[in-house]
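Dumped upload-v3.txt below, it's compact mmCIF, C-alpha atoms:
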# COMPACT_ATOMS: atom_id res chain seq x y z
CA MET A 1 1.66 14.41 -4.01
CA TYR A 2 -1.02 17.02 -3.44
CA SER A 3 -2.93 17.43 -0.18
CA GLU A 4 -6.69 16.88 0.00
CA LYS A 5 -7.15 20.65 0.35
CA VAL A 6 -5.17 21.35 -2.82
CA MET A 7 -7.22 18.78 -4.72
CA ASP A 8 -10.48 20.21 -3.32
CA HIS A 9 -9.59 23.79 -4.32
CA PHE A 10 -8.49 22.57 -7.76
CA THR A 11 -11.60 20.49 -8.47
CA ASN A 12 -14.00 22.90 -6.70
CA PRO A 13 -12.35 26.32 -6.94
CA ARG A 14 -13.95 29.13 -4.94
CA ASN A 15 -14.58 32.65 -6.22
CA VAL A 16 -13.86 32.05 -9.91
CA GLY A 17 -14.76 34.89 -12.23
CA GLU A 18 -14.43 38.62 -12.68
CA ILE A 19 -15.71 41.64 -10.78
CA GLU A 20 -17.04 44.37 -13.06
CA ASP A 21 -15.67 47.78 -12.08
CA ALA A 22 -13.32 46.13 -9.59
CA SER A 23 -11.61 48.37 -7.05
CA GLY A 24 -8.32 46.74 -7.95
CA VAL A 25 -7.14 44.15 -10.47
CA GLY A 26 -3.78 42.45 -10.36
CA THR A 27 -2.30 40.22 -13.04
CA VAL A 28 0.95 38.34 -12.61
CA GLY A 29 2.59 35.46 -14.36
CA ASN A 30 5.58 33.20 -14.39
CA ALA A 31 7.20 33.13 -17.82
CA LYS A 32 9.16 30.02 -16.90
CA CYS A 33 6.10 27.81 -16.33
CA GLY A 34 3.43 29.77 -18.22
CA ASP A 35 1.02 30.31 -15.30
CA ILE A 36 -0.98 33.56 -15.32
CA MET A 37 -3.12 34.69 -12.40
CA ARG A 38 -5.54 37.62 -12.22
CA ILE A 39 -7.15 38.71 -8.94
CA TYR A 40 -10.10 41.13 -8.74
CA LEU A 41 -10.88 43.00 -5.52
CA ASP A 42 -14.03 44.88 -4.48
CA ILE A 43 -13.01 47.15 -1.61
CA ASP A 44 -15.49 49.29 0.34
CA GLU A 45 -15.07 52.80 1.77
CA ASN A 46 -13.73 51.31 5.04
CA HIS A 47 -10.93 49.56 3.13
CA ILE A 48 -12.53 46.13 3.67
CA ILE A 49 -12.37 43.56 0.87
CA LYS A 50 -16.04 42.77 0.25
CA ASP A 51 -15.46 40.46 -2.69
CA CYS A 52 -12.54 38.76 -4.38
CA LYS A 53 -12.54 36.73 -7.59
CA PHE A 54 -9.87 35.18 -9.75
CA LYS A 55 -9.10 33.89 -13.20
CA THR A 56 -6.08 31.65 -13.60
CA PHE A 57 -4.46 29.99 -16.56
CA GLY A 58 -2.16 27.30 -15.29
CA CYS A 59 -1.72 24.03 -13.51
CA GLY A 60 -3.85 22.58 -10.73
CA ALA A 61 -1.64 24.08 -8.04
CA ALA A 62 -2.03 27.55 -9.61
CA VAL A 63 -5.82 27.20 -9.56
CA ALA A 64 -5.79 25.91 -5.98
CA THR A 65 -3.53 28.70 -4.69
CA SER A 66 -5.69 31.31 -6.45
CA SER A 67 -8.83 29.87 -4.89
CA MET A 68 -7.30 29.75 -1.40
CA ALA A 69 -5.86 33.27 -1.74
CA THR A 70 -9.34 34.68 -2.46
CA GLU A 71 -10.68 32.98 0.66
CA LEU A 72 -7.82 34.30 2.79
CA VAL A 73 -8.33 37.97 1.83
CA MET A 74 -12.15 38.10 1.75
CA GLY A 75 -13.47 40.24 4.59
CA LYS A 76 -10.03 41.54 5.53
CA THR A 77 -8.78 45.11 5.57
CA ILE A 78 -6.30 46.03 2.85
CA GLU A 79 -3.57 46.09 5.51
CA ASP A 80 -4.42 42.54 6.63
CA ALA A 81 -4.68 41.33 3.03
CA LEU A 82 -1.18 42.67 2.43
CA LYS A 83 0.04 40.29 5.15
CA VAL A 84 -1.24 37.20 3.28
CA THR A 85 2.03 35.60 2.21
CA ASN A 86 2.79 32.68 -0.06
CA LYS A 87 3.66 30.74 3.11
CA ALA A 88 0.17 31.44 4.52
CA VAL A 89 -1.41 30.24 1.27
CA MET A 90 0.69 27.05 1.33
CA GLU A 91 -0.11 26.40 5.00
CA ALA A 92 -3.83 26.91 4.39
CA LEU A 93 -3.60 24.27 1.63
CA ASP A 94 -1.65 21.86 3.89
CA GLY A 95 1.46 22.32 1.76
CA LEU A 96 2.59 22.17 -1.85
CA PRO A 97 5.23 20.04 -3.56
CA PRO A 98 8.55 21.93 -3.84
CA ALA A 99 8.19 22.28 -7.62
CA LYS A 100 4.85 24.07 -7.10
CA VAL A 101 5.86 26.64 -4.46
CA HIS A 102 6.05 29.27 -7.23
CA CYS A 103 2.24 29.02 -7.54
CA SER A 104 1.84 30.34 -4.01
CA LEU A 105 4.23 33.18 -4.90
CA LEU A 106 1.95 34.01 -7.83
CA ALA A 107 -1.02 34.19 -5.45
CA GLU A 108 0.81 36.56 -3.07
CA GLU A 109 2.00 38.77 -5.94
CA ALA A 110 -1.45 38.84 -7.57
CA ILE A 111 -2.97 40.09 -4.29
CA HIS A 112 -0.25 42.74 -4.04
CA ALA A 113 -0.75 43.73 -7.69
CA ALA A 114 -4.52 44.16 -7.13
CA LEU A 115 -3.88 46.24 -4.00
CA TRP A 116 -1.33 48.32 -5.95
CA ASP A 117 -3.92 48.93 -8.67
CA TYR A 118 -6.46 49.97 -6.01
CA ALA A 119 -3.95 52.38 -4.43
CA GLN A 120 -3.07 53.88 -7.82
CA LYS A 121 -6.74 54.35 -8.78
CA ASN A 122 -7.46 56.07 -5.47
CA GLY A 123 -4.27 58.11 -5.13
CA ILE A 124 -3.37 56.51 -1.80
CA GLU A 125 -0.29 54.86 -0.41
CA ILE A 126 -0.55 51.52 1.36
CA GLU A 127 2.23 51.20 3.89
CA GLY A 128 4.51 48.28 3.10
CA LEU A 129 3.21 47.81 -0.45
CA GLU A 130 5.78 48.01 -3.21
CA GLN A 131 5.11 48.03 -6.93
CA PRO A 132 4.66 44.38 -7.86
CA LYS A 133 6.45 42.50 -10.60
CA SER A 134 4.33 41.35 -13.53
CA ASP A 135 6.50 38.22 -13.83
CA ILE A 136 7.50 36.51 -10.60
CA HIS A 137 10.44 34.94 -12.41
CA GLU A 138 12.12 38.38 -12.55
CA ASP A 139 15.05 38.56 -10.15
CA GLU A 140 14.70 34.84 -9.42
CA GLU A 141 17.83 32.73 -9.55
CA GLU A 142 17.86 29.71 -11.82
CA GLU A 143 16.98 27.27 -9.07
CA GLU A 144 15.92 24.18 -10.93
CA GLU A 145 16.00 22.85 -14.45
CA TYR A 146 12.79 21.61 -16.00
I'd like the structure from this file rewritten - as structure tokens, please.
Amino acid sequence: MYSEKVMDHFTNPRNVGEIEDASGVGTVGNAKCGDIMRIYLDIDENHIIKDCKFKTFGCGAAVATSSMATELVMGKTIEDALKVTNKAVMEALDGLPPAKVHCSLLAEEAIHAALWDYAQKNGIEIEGLEQPKSDIHEDEEEEEEY
């Protein structure tokens, strides 16, 4: 069962769309379930995220986690945005069913991928940021059968 917040972010997603000439764009997917998430960041000269948009192809939980992730990073520094974890996304949505936890992992990885893109474009290193995976299913153990 989905929480009211998950349903609200699914039926009324925030920050849907693209940012032209985005400072950073991150795209990640999960080959196992078919979800694909793309996050766009507009970062100012003080390393503050001024705008964040998303486009997601996937289930309701993927849309909801994308929407919540954009809200969680907006207005934050790149260092604070890096600290937005899948757990923080899930908590902000009042939880996800166990079979949908991977959607929050997508949101975390999409943020990291967009920050990585920003760092690469600007020739900077963001402490604690590692090159993201394009498929979050990489390195994942076969946990459950569908």
Distance criterion (only C-alpha atoms): nearest to Leu105 of chain A out of A:Lys87, A:Lys55, A:Lys32, A:Lys50: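 The closest residue to Leu105 of chain A is A:Lys87.
Residue nearest Lys100 of chain A within the list A:Met7, A:Ala61, A:Val84, A:Val16: A:Ala61 [criterion: smallest interatomic distance, all atoms listed in the file].
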Selection as a VMD selection string: residues within 8 Å of (0.6, 30.4, -3.9), counting only C-alpha atoms: chain A and resid 61 to 62 65 to 66 69 86 to 87 89 to 90 101 to 108
Shell of 12 Å around Arg38 of chain A, only C-alpha atoms, local chain residues under 5 positions omitted, as an MDAnalysis selection string: chainID A and resid 15:19 22 24:29 52:58 62:63 65:67 69:70 106:114 117 134
Atomic distance atom CA of Glu91 of chain A - atom CA of Phe10 of chain A, expressed in Å with one decimal: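 Distance reported for this atom pair: 15.7 Å.
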Pick from A:Asp35, A:Ala99, A:Ala64, A:Glu127 nearest to Ile78 of chain A, counting only C-alpha atoms: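 Nearest to Ile78 of chain A: A:Glu127.
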Among the residues A:Ile39, A:Leu129, A:Cys33, A:Cys59, the one that comes closest to Glu79 of chain A [using all atoms listed in the file]: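 Looking only at the distances to Glu79 of chain A, the closest residue turns out to be A:Leu129.
Of the residues under consideration (A:Tyr118, A:Asp42, A:Val73, A:Ala81), A:Tyr118 shows the shortest atom-to-atom contact distance to Gln131 of chain A when counting all atoms listed in the file.
Here atom CA of Ala92 of chain A and atom CA of Lys5 of chain A stand 8.2 Å from one another.
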Selected residue, from A:Asn12, A:Tyr2, A:Leu41, A:Ile126, that lies nearest to Asp94 of chain A when counting all atoms listed in the file: A:Tyr2
